[in-house]
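> Enclosed is the structure file structure.cif (mmCIF, C-alpha atoms).
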data_upload
loop_
_atom_site.label_atom_id
_atom_site.label_comp_id
_atom_site.auth_asym_id
_atom_site.auth_seq_id
_atom_site.Cartn_x
_atom_site.Cartn_y
_atom_site.Cartn_z
CA MET A 1045 0.00 0.00 0.00
CA ARG A 1046 1.59 3.26 -1.17
CA VAL A 1047 0.51 6.46 0.59
CA LEU A 1048 1.62 9.91 -0.58
CA ILE A 1049 1.35 12.81 1.88
CA THR A 1050 2.05 16.38 0.80
CA GLY A 1051 2.81 18.83 3.59
CA ALA A 1052 4.04 15.82 5.55
CA ALA A 1053 6.23 17.85 7.92
CA GLY A 1054 3.44 20.27 8.80
CA PHE A 1055 1.36 20.37 11.94
CA ILE A 1056 -1.30 17.92 10.74
CA GLY A 1057 0.93 16.02 8.34
CA ARG A 1058 3.43 15.04 11.01
CA ALA A 1059 0.68 13.62 13.22
CA LEU A 1060 -0.84 11.72 10.28
CA VAL A 1061 2.56 10.20 9.44
CA ARG A 1062 3.11 9.19 13.08
CA ARG A 1063 -0.29 7.52 13.31
CA LEU A 1064 0.14 5.59 10.07
CA ILE A 1065 3.59 4.36 11.09
CA ASP A 1066 2.38 3.36 14.55
CA SER A 1067 -0.59 1.46 13.11
CA GLY A 1068 1.42 -0.08 10.27
CA GLY A 1069 -1.31 0.99 7.87
CA ALA A 1070 -4.12 -0.66 9.83
CA ASP A 1071 -6.01 2.65 9.94
CA LEU A 1072 -6.41 2.29 6.19
CA GLY A 1073 -7.37 -1.36 6.46
CA ARG A 1074 -4.22 -2.44 4.64
CA SER A 1075 -0.75 -3.72 5.48
CA ALA A 1076 2.75 -3.44 3.97
CA LEU A 1077 2.73 0.32 4.36
CA GLU A 1078 4.96 2.40 2.07
CA LEU A 1079 4.90 6.12 2.91
CA VAL A 1080 5.96 8.78 0.42
CA LEU A 1081 6.44 12.15 2.11
CA LEU A 1082 6.69 15.52 0.37
CA ASP A 1083 7.43 18.87 1.99
CA ARG A 1084 9.97 21.68 1.87
CA ARG A 1085 12.12 20.05 4.55
CA LEU A 1086 11.94 16.45 5.79
CA ASP A 1087 15.34 15.92 7.40
CA ASP A 1088 14.13 14.35 10.63
CA MET A 1089 11.54 12.15 8.90
CA SER A 1090 13.87 10.36 6.50
CA ARG A 1091 15.13 8.00 9.22
CA GLU A 1092 11.81 6.20 9.53
CA THR A 1093 11.57 2.74 8.02
CA SER A 1094 9.34 2.23 4.95
CA VAL A 1095 9.47 5.97 4.27
CA GLU A 1096 10.59 7.70 1.07
CA THR A 1097 11.08 11.46 1.26
CA PHE A 1098 11.00 14.20 -1.37
CA ALA A 1099 12.09 17.59 -0.10
CA GLY A 1100 11.39 20.67 -2.18
CA ASP A 1101 8.82 23.13 -3.44
CA MET A 1102 5.31 21.76 -3.89
CA SER A 1103 4.98 23.57 -7.22
CA ASP A 1104 8.05 21.81 -8.71
CA LEU A 1105 6.60 19.60 -11.45
CA GLU A 1106 9.61 17.25 -11.56
CA LEU A 1107 9.49 16.80 -7.80
CA LEU A 1108 5.81 15.90 -8.02
CA ARG A 1109 6.50 13.40 -10.80
CA ALA A 1110 9.24 11.78 -8.75
CA ALA A 1111 7.05 11.62 -5.63
CA VAL A 1112 4.03 10.16 -7.40
CA GLY A 1113 6.30 7.84 -9.37
CA ARG A 1114 4.45 4.70 -10.31
CA GLY A 1115 1.32 5.91 -8.54
CA ALA A 1116 -0.30 5.65 -5.13
CA ASP A 1117 -3.20 3.95 -3.39
CA TYR A 1118 -3.90 7.01 -1.23
CA VAL A 1119 -2.94 10.68 -1.49
CA PHE A 1120 -3.36 13.09 1.41
CA HIS A 1121 -2.93 16.62 0.03
CA LEU A 1122 -2.22 18.81 3.05
CA ALA A 1123 0.40 21.25 1.71
CA SER A 1124 -0.59 24.91 1.57
CA VAL A 1125 0.42 28.49 2.23
CA PRO A 1126 -1.58 29.58 5.32
CA GLY A 1127 -4.37 32.12 5.02
CA GLY A 1128 -2.56 35.18 6.37
CA ALA A 1129 0.50 34.55 4.21
CA ALA A 1130 -1.65 33.83 1.15
CA GLU A 1131 -3.50 37.11 1.65
CA ALA A 1132 -0.27 39.07 2.08
CA ASN A 1133 1.39 37.47 -0.95
CA PHE A 1134 -1.19 36.68 -3.59
CA GLU A 1135 1.30 35.20 -6.09
CA GLU A 1136 2.75 32.77 -3.53
CA GLY A 1137 -0.69 31.68 -2.37
CA LEU A 1138 -1.87 31.16 -5.94
CA ARG A 1139 1.27 29.23 -6.88
CA VAL A 1140 1.13 26.78 -3.98
CA ASN A 1141 -2.55 26.61 -3.02
CA LEU A 1142 -3.98 26.35 -6.53
CA GLU A 1143 -1.39 25.94 -9.27
CA ALA A 1144 0.56 23.25 -7.40
CA THR A 1145 -2.69 21.44 -6.68
CA VAL A 1146 -3.51 21.40 -10.39
CA ARG A 1147 -0.05 20.01 -11.14
CA LEU A 1148 -0.47 17.31 -8.51
CA LEU A 1149 -3.84 16.29 -9.97
CA GLU A 1150 -2.32 16.11 -13.44
CA VAL A 1151 0.62 14.01 -12.30
CA VAL A 1152 -1.74 11.65 -10.47
CA ARG A 1153 -3.99 11.45 -13.54
CA ARG A 1154 -1.08 10.55 -15.80
CA SER A 1155 0.13 7.88 -13.36
CA GLY A 1156 -3.07 5.93 -14.02
CA SER A 1157 -3.25 4.73 -10.40
CA ARG A 1158 -6.66 6.30 -9.56
CA PRO A 1159 -5.97 6.76 -5.81
CA ARG A 1160 -8.32 7.86 -3.09
CA LEU A 1161 -7.27 11.51 -2.72
CA VAL A 1162 -8.12 13.37 0.49
CA PHE A 1163 -7.78 17.15 0.28
CA ALA A 1164 -7.53 19.48 3.29
CA SER A 1165 -9.91 22.30 2.42
CA THR A 1166 -11.25 24.98 4.77
CA VAL A 1167 -14.39 26.48 6.24
CA GLY A 1168 -12.99 29.69 4.74
CA VAL A 1169 -14.95 28.81 1.59
CA TYR A 1170 -18.03 30.29 3.31
CA GLY A 1171 -16.55 33.76 3.68
CA VAL A 1172 -17.74 36.51 6.01
CA PRO A 1173 -20.12 37.61 7.26
CA MET A 1174 -21.61 34.16 7.75
CA PRO A 1175 -25.35 33.48 7.96
CA LEU A 1176 -26.90 32.51 11.31
CA LEU A 1177 -26.54 28.83 10.43
CA ILE A 1178 -24.01 26.93 8.35
CA ASP A 1179 -25.03 23.50 7.12
CA GLU A 1180 -24.15 21.15 4.29
CA HIS A 1181 -26.20 23.17 1.79
CA THR A 1182 -24.99 26.68 2.63
CA PRO A 1183 -23.88 28.66 -0.47
CA LEU A 1184 -20.15 29.36 -0.76
CA SER A 1185 -18.66 32.84 -0.96
CA PRO A 1186 -14.99 32.99 0.12
CA SER A 1187 -13.83 36.43 1.24
CA LEU A 1188 -10.07 35.70 1.25
CA SER A 1189 -7.79 34.38 -1.49
CA TYR A 1190 -7.01 31.31 0.64
CA GLY A 1191 -10.66 30.28 0.64
CA ALA A 1192 -11.02 31.04 -3.07
CA HIS A 1193 -8.05 28.84 -3.97
CA LYS A 1194 -9.30 26.02 -1.75
CA LEU A 1195 -12.78 26.19 -3.31
CA ALA A 1196 -11.30 26.10 -6.82
CA SER A 1197 -9.31 23.02 -5.80
CA GLU A 1198 -12.46 21.35 -4.42
CA ILE A 1199 -14.19 21.86 -7.77
CA LEU A 1200 -11.25 20.43 -9.72
CA ILE A 1201 -10.98 17.39 -7.45
CA ALA A 1202 -14.68 16.69 -7.96
CA ASP A 1203 -14.27 17.01 -11.73
CA TYR A 1204 -11.22 14.73 -11.87
CA SER A 1205 -13.22 12.23 -9.80
CA ARG A 1206 -16.20 12.50 -12.16
CA ARG A 1207 -13.90 11.58 -15.02
CA GLY A 1208 -12.57 8.56 -13.11
CA TRP A 1209 -8.97 9.78 -12.87
CA LEU A 1210 -8.96 9.65 -9.09
CA ASP A 1211 -11.38 9.09 -6.21
CA GLY A 1212 -11.35 12.38 -4.34
CA VAL A 1213 -12.93 13.96 -1.29
CA SER A 1214 -12.37 17.42 0.21
CA LEU A 1215 -12.70 18.02 3.94
CA ARG A 1216 -13.64 21.53 5.07
CA LEU A 1217 -11.53 21.87 8.19
CA PRO A 1218 -12.20 24.39 10.99
CA GLY A 1219 -9.50 25.86 13.25
CA ILE A 1220 -7.12 23.03 14.26
CA VAL A 1221 -5.41 23.40 17.63
CA ALA A 1222 -2.95 23.70 19.23
CA ARG A 1223 -0.47 24.68 16.55
CA PRO A 1224 3.03 25.94 17.38
CA ALA A 1225 3.64 29.66 17.17
CA SER A 1226 3.04 31.03 13.67
CA PRO A 1227 5.85 33.35 12.48
CA GLY A 1228 4.90 36.76 11.13
CA GLY A 1229 1.15 36.24 11.42
CA ALA A 1230 1.12 33.69 8.58
CA MET A 1231 -1.89 32.04 10.18
CA ARG A 1232 -4.28 34.66 11.52
CA SER A 1233 -6.26 32.04 13.46
CA ALA A 1234 -3.07 31.24 15.44
CA PHE A 1235 -4.49 33.09 18.46
CA MET A 1236 -6.70 30.04 19.09
CA SER A 1237 -3.63 27.86 19.62
CA ASP A 1238 -1.66 30.55 21.42
CA LEU A 1239 -4.52 30.95 23.89
CA LEU A 1240 -4.28 27.27 24.86
CA HIS A 1241 -0.48 27.12 25.06
CA GLU A 1242 -0.08 30.29 27.11
CA LEU A 1243 -2.89 29.74 29.59
CA ALA A 1244 -2.00 26.07 30.17
CA ALA A 1245 1.56 27.19 30.96
CA GLY A 1246 0.27 29.84 33.38
CA ARG A 1247 1.49 32.74 31.27
CA PRO A 1248 -0.43 35.99 30.65
CA PHE A 1249 -2.12 36.25 27.26
CA THR A 1250 -3.69 39.16 25.42
CA CYS A 1251 -6.47 37.73 23.28
CA PRO A 1252 -7.18 39.63 20.04
CA VAL A 1253 -10.91 38.88 20.23
CA SER A 1254 -13.39 39.32 23.06
CA ALA A 1255 -14.37 36.68 25.63
CA ALA A 1256 -17.69 36.30 23.80
CA GLY A 1257 -15.96 35.46 20.49
CA VAL A 1258 -17.21 32.14 19.11
CA SER A 1259 -15.10 29.78 16.99
CA TRP A 1260 -15.30 26.27 15.60
CA TRP A 1261 -12.55 24.18 17.22
CA MET A 1262 -10.97 20.81 16.44
CA SER A 1263 -7.93 19.09 17.94
CA ARG A 1264 -5.16 17.68 15.77
CA PRO A 1265 -5.90 14.03 16.72
CA CYS A 1266 -9.54 14.57 15.78
CA ALA A 1267 -8.51 16.10 12.44
CA VAL A 1268 -6.23 13.13 11.69
CA GLY A 1269 -9.05 10.72 12.52
CA ASN A 1270 -11.34 12.53 10.09
CA LEU A 1271 -8.70 12.46 7.36
CA LEU A 1272 -8.39 8.70 7.77
CA ARG A 1273 -12.17 8.32 7.77
CA ALA A 1274 -12.28 10.21 4.46
CA ALA A 1275 -9.73 7.77 3.05
CA THR A 1276 -11.75 4.70 3.97
CA PHE A 1277 -15.48 5.37 3.85
CA PRO A 1278 -17.48 4.00 0.90
CA ASN A 1279 -17.64 5.96 -2.33
CA ALA A 1280 -21.44 6.06 -2.23
CA SER A 1281 -21.30 8.26 0.88
CA PHE A 1282 -19.51 11.12 -0.86
CA GLY A 1283 -22.45 12.76 -2.55
CA ALA A 1284 -22.30 14.64 -5.83
CA GLY A 1285 -20.02 17.42 -4.60
CA ARG A 1286 -17.41 15.17 -2.97
CA THR A 1287 -16.99 17.62 -0.10
CA VAL A 1288 -17.51 17.11 3.62
CA LEU A 1289 -18.26 19.92 6.05
CA LEU A 1290 -16.82 18.44 9.23
CA PRO A 1291 -18.55 18.50 12.59
CA ALA A 1292 -16.71 20.83 14.97
CA LEU A 1293 -16.96 21.98 18.55
CA ARG A 1294 -18.51 25.46 18.76
CA ALA A 1295 -17.26 27.31 21.82
CA THR A 1296 -16.58 30.82 23.07
CA ILE A 1297 -13.17 32.09 24.11
CA ALA A 1298 -14.49 32.31 27.68
CA GLU A 1299 -15.61 28.66 27.63
CA ILE A 1300 -12.21 27.53 26.39
CA ALA A 1301 -10.35 29.65 28.93
CA THR A 1302 -12.50 28.43 31.83
CA ALA A 1303 -11.89 24.79 30.86
CA VAL A 1304 -8.13 25.36 30.61
CA GLY A 1305 -8.26 26.81 34.12
CA ARG A 1306 -10.04 23.73 35.45
CA ILE A 1307 -7.68 21.25 33.78
CA TYR A 1308 -4.39 23.00 34.57
CA ALA A 1309 -5.40 24.67 37.86
CA VAL A 1310 -4.55 28.19 36.71
CA ASP A 1311 -6.37 31.46 37.26
CA THR A 1312 -7.24 32.26 33.66
CA GLU A 1313 -9.26 35.34 34.61
CA ARG A 1314 -6.09 36.89 36.03
CA LEU A 1315 -3.97 35.81 33.07
CA LEU A 1316 -6.30 36.98 30.30
CA THR A 1317 -6.72 40.43 28.86
CA TYR A 1318 -8.56 41.34 25.68
CA ARG A 1319 -7.84 43.68 22.77
CA ASP A 1320 -10.68 43.09 20.35
CA ASP A 1321 -9.69 43.20 16.67
CA ALA A 1322 -12.98 43.56 14.78
CA ALA A 1323 -11.57 42.35 11.45
CA LEU A 1324 -9.96 39.29 13.04
CA ARG A 1325 -13.11 38.52 15.00
CA ALA A 1326 -15.20 38.69 11.82
CA GLN A 1327 -12.99 36.06 10.17
CA PHE A 1328 -12.33 33.68 13.06
CA ALA A 1329 -14.47 34.37 16.13
CA ASP A 1330 -17.96 35.17 14.92
CA PHE A 1331 -18.97 31.68 13.86
CA PRO A 1332 -22.65 30.67 13.70
CA HIS A 1333 -24.32 27.41 14.62
CA LEU A 1334 -23.14 24.41 12.62
CA GLU A 1335 -25.21 21.43 11.45
CA THR A 1336 -23.55 18.47 9.72
CA PRO A 1337 -25.96 15.49 9.84
CA ALA A 1338 -24.63 13.86 6.66
CA ALA A 1339 -21.02 14.03 7.85
CA ILE A 1340 -21.94 12.59 11.25
CA ALA A 1341 -23.90 9.78 9.59
CA ALA A 1342 -20.80 9.00 7.48
CA GLY A 1343 -18.68 8.58 10.61
CA PHE A 1344 -16.98 11.98 10.88
CA CYS A 1345 -16.84 13.52 14.32
CA SER A 1346 -15.91 16.46 16.52
CA ASP A 1347 -14.01 16.32 19.80
CA GLY A 1348 -17.32 16.16 21.63
CA ASP A 1349 -16.69 18.49 24.57
CA VAL A 1350 -14.37 21.33 25.53
CA GLU A 1351 -12.23 19.42 28.03
CA THR A 1352 -11.60 16.58 25.57
CA LEU A 1353 -10.68 19.12 22.91
CA ILE A 1354 -8.14 20.82 25.19
CA ARG A 1355 -6.52 17.60 26.40
CA ARG A 1356 -6.16 16.33 22.84
CA ALA A 1357 -5.04 19.70 21.50
CA LEU A 1358 -2.16 19.95 23.97
CA ASP A 1359 -1.02 16.37 23.42
CA THR A 1360 2.48 16.64 21.89
CA SER A 1361 3.11 12.92 21.35
CA ALA A 1362 2.97 13.29 17.54
CA ASP A 1363 5.54 16.12 17.41
#
Could you take the file, read its structure, and then write that structure out as structure tokens?

Amino acid sequence: MRVLITGAAGFIGRALVRRLIDSGGADLGRSALELVLLDRRLDDMSRETSVETFAGDMSDLELLRAAVGRGADYVFHLASVPGGAAEANFEEGLRVNLEATVRLLEVVRRSGSRPRLVFASTVGVYGVPMPLLIDEHTPLSPSLSYGAHKLASEILIADYSRRGWLDGVSLRLPGIVARPASPGGAMRSAFMSDLLHELAAGRPFTCPVSAAGVSWWMSRPCAVGNLLRAATFPNASFGAGRTVLLPALRATIAEIATAVGRIYAVDTERLLTYRDDAALRAQFADFPHLETPAAIAAGFCSDGDVETLIRRALDTSAD
């Protein structure tokens, strides 16, 4: 079983690699696991057994051809330029988030292997302001380039699947926590992770949105589980659009902070101050109710409750 992972050294990619190695491929219902990892740098991952690494730029056509090689059974396409960086540098975001995706799809098509391809999309395809309810039929209207490029990729993956060149599904991911610090504001939703890290460590934190700010939250282990579910559930469950709006935990900043205080025995009220950024709140902390009955019926899940989310989010075993 050959599994290609782009963005393999990233926050989610590294945890996915670790889980697949630890399970020996059992999470995909197969054995004899052969992992093919692609990212800008993979130095510390090349020592793993049954792992082949390709370090370089995702938009390099020759690198993609070498990585895909004779084909793959599964492709997890996780590589991207984060939203803040993609907004600040349109050309870079377009090159990696859309053009490189097109090149990957073409290389996979020409390999003739017809893999199950799982694409990490985003809830950013809905744009802002959001309606009072988001469900699996809500119209799409991205308000940042990152969301626009992800939506275009979703459409292409569905079309390549329609033509039988691959078997694709796109997962619309919410905010995944708790990421390491994001340099230079590349990921504007990084405050969600920073909040958890700083409060759990007992350090003061100035939150850029108010205590009443509401976000959709998901831990990294939960995200990895949903990626693996997308790789294994029956084709008939995909639906015509081949996209899945994932269930997520909807919680306020205050609810998250209070739960961190309970778990780690810290006075979060004393540690927290607020400096509300209206533009940031509109993008990442003004989220409406979420209904995903089809995704839940297909076996996708959220973390369930705030304390479970926090404990999973701060688990560093996959780092």
> Go ahead and find all residues with at least one atom no further than 12 Å from (2.4, 19.4, -7.3) in the file's coordinates, using all atoms listed in the file; report them as number ranges by chain.
A: 1048-1051, 1082-1083, 1098, 1100-1112, 1119, 1121-1124, 1139-1153
> Can I get the selected residues back with C-alpha atoms, as a CSV table (one decimal), keeping the file's coordinate frame?

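What landed in selection.csv:
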chain,number,residue,atom,x,y,z
A,1048,LEU,CA,1.6,9.9,-0.6
A,1049,ILE,CA,1.4,12.8,1.9
A,1050,THR,CA,2.0,16.4,0.8
A,1051,GLY,CA,2.8,18.8,3.6
A,1082,LEU,CA,6.7,15.5,0.4
A,1083,ASP,CA,7.4,18.9,2.0
A,1098,PHE,CA,11.0,14.2,-1.4
A,1100,GLY,CA,11.4,20.7,-2.2
A,1101,ASP,CA,8.8,23.1,-3.4
A,1102,MET,CA,5.3,21.8,-3.9
A,1103,SER,CA,5.0,23.6,-7.2
A,1104,ASP,CA,8.0,21.8,-8.7
A,1105,LEU,CA,6.6,19.6,-11.4
A,1106,GLU,CA,9.6,17.2,-11.6
A,1107,LEU,CA,9.5,16.8,-7.8
A,1108,LEU,CA,5.8,15.9,-8.0
A,1109,ARG,CA,6.5,13.4,-10.8
A,1110,ALA,CA,9.2,11.8,-8.8
A,1111,ALA,CA,7.0,11.6,-5.6
A,1112,VAL,CA,4.0,10.2,-7.4
A,1119,VAL,CA,-2.9,10.7,-1.5
A,1121,HIS,CA,-2.9,16.6,0.0
A,1122,LEU,CA,-2.2,18.8,3.0
A,1123,ALA,CA,0.4,21.2,1.7
A,1124,SER,CA,-0.6,24.9,1.6
A,1139,ARG,CA,1.3,29.2,-6.9
A,1140,VAL,CA,1.1,26.8,-4.0
A,1141,ASN,CA,-2.6,26.6,-3.0
A,1142,LEU,CA,-4.0,26.4,-6.5
A,1143,GLU,CA,-1.4,25.9,-9.3
A,1144,ALA,CA,0.6,23.2,-7.4
A,1145,THR,CA,-2.7,21.4,-6.7
A,1146,VAL,CA,-3.5,21.4,-10.4
A,1147,ARG,CA,0.0,20.0,-11.1
A,1148,LEU,CA,-0.5,17.3,-8.5
A,1149,LEU,CA,-3.8,16.3,-10.0
A,1150,GLU,CA,-2.3,16.1,-13.4
A,1151,VAL,CA,0.6,14.0,-12.3
A,1152,VAL,CA,-1.7,11.6,-10.5
A,1153,ARG,CA,-4.0,11.4,-13.5
> Evaluate the PyMOL selection byres ((chain A and resi 1244) around 12) on the structure here and hand back the selected residues as a PyMOL selection string.
chain A and resi 1222+1237-1243+1245-1249+1300-1312+1315-1316+1354-1355+1357-1359
> CA of Leu1060 (chain A) and CA of Thr1166 (chain A), how far apart in Å?
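For CA of Thr1166 (chain A) relative to CA of Leu1060 (chain A), the distance reads 17.7 Å.
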> Pick out the closest residue to Thr1250 (chain A) from this set: A:Ser1075, A:Met1262, A:Val1167, A:Arg1319. Count all atoms listed in the file.
A:Arg1319
> Could you tell me how far CA of Asp1321 (chain A) lies from CA of Ser1233 (chain A), in Å and to one decimal?
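Between CA of Asp1321 (chain A) and CA of Ser1233 (chain A) the gap is 12.1 Å.
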> Here is a test: counting only C-alpha atoms, which residue of A:Val1047, A:Cys1345, A:Leu1184, A:Val1350 is nearest to Ala1076 (chain A)?
A:Val1047
> Would you kindly translate the PyMOL selection byres ((chain A and resi 1223) around 8) into the concrete residues it picks from this file, as a VMD selection string?
chain A and resid 1055 1220 to 1222 1224 to 1226 1234 1237 to 1238
> Which residues, written as a list in words, have at least one atom at most 12 Å from Gly1343 (chain A), with only C-alpha atoms counted and residues fewer than 4 positions away on the same chain left out?
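Result of the neighbour search: Gly1269, Asn1270, Leu1271, Leu1272, Arg1273, Ala1274, Ala1275, Thr1276, Phe1277, Pro1278, Ser1281, Phe1282, Val1288, Leu1290, Pro1291, Thr1336, Pro1337, Ala1338 and Ala1339 of chain A.
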> For CA of Thr1352 (chain A) and CA of Val1125 (chain A), quote the distance in Å rounded to one decimal.
28.8 Å
> Nearest to Arg1264 (chain A): which of A:Leu1195, A:Ala1292, A:Ala1129, A:Cys1251 is it, counting all atoms listed in the file?
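Smallest distance to Arg1264 (chain A) is found for A:Ala1292.
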> Evaluate the PyMOL selection byres ((chain A and resi 1334) around 7) against this structure - the residues, as a PyMOL selection string, please.
chain A and resi 1177-1179+1332-1333+1335-1336
> Between A:Ala1323, A:Val1213, A:Ala1116, A:Val1095, single out the one closest to Arg1154 (chain A), counting all atoms listed in the file.
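Ranked by minimum distance to Arg1154 (chain A), first place goes to A:Ala1116.
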> Compare A:Ser1197, A:Asn1133, A:Ser1205, A:Ser1189 by their minimum atom-to-atom distance to Phe1163 (chain A), counting only C-alpha atoms, and give me the closest one.
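Smallest separation from Phe1163 (chain A) among the options: A:Ser1197.
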> Give as a list in words each residue that has an atom at most 10 Å from (-7.2, -1.4, 3.4) in the file, counting all atoms listed in the file.
Met1045, Gly1069, Ala1070, Asp1071, Leu1072, Gly1073, Arg1074, Ser1075, Asp1117, Ala1275 and Thr1276 of chain A
> Taking only C-alpha atoms into account, name the residue in A:Ala1342, A:Val1258, A:Val1253, A:Leu1200 that is nearest to Asn1279 (chain A).
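For Asn1279 (chain A), the nearest of the candidates is A:Ala1342.
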> Could you work out an axis-aligned box for region 1252-1257 of chain A, taking every atom the file lists and adding 5 Å on each side, and report centre and edge lengths in Å to one decimal, as AutoDock Vina command-line options?

--center_x -12.4 --center_y 37.5 --center_z 22.8 --size_x 20.5 --size_y 14.2 --size_z 15.6
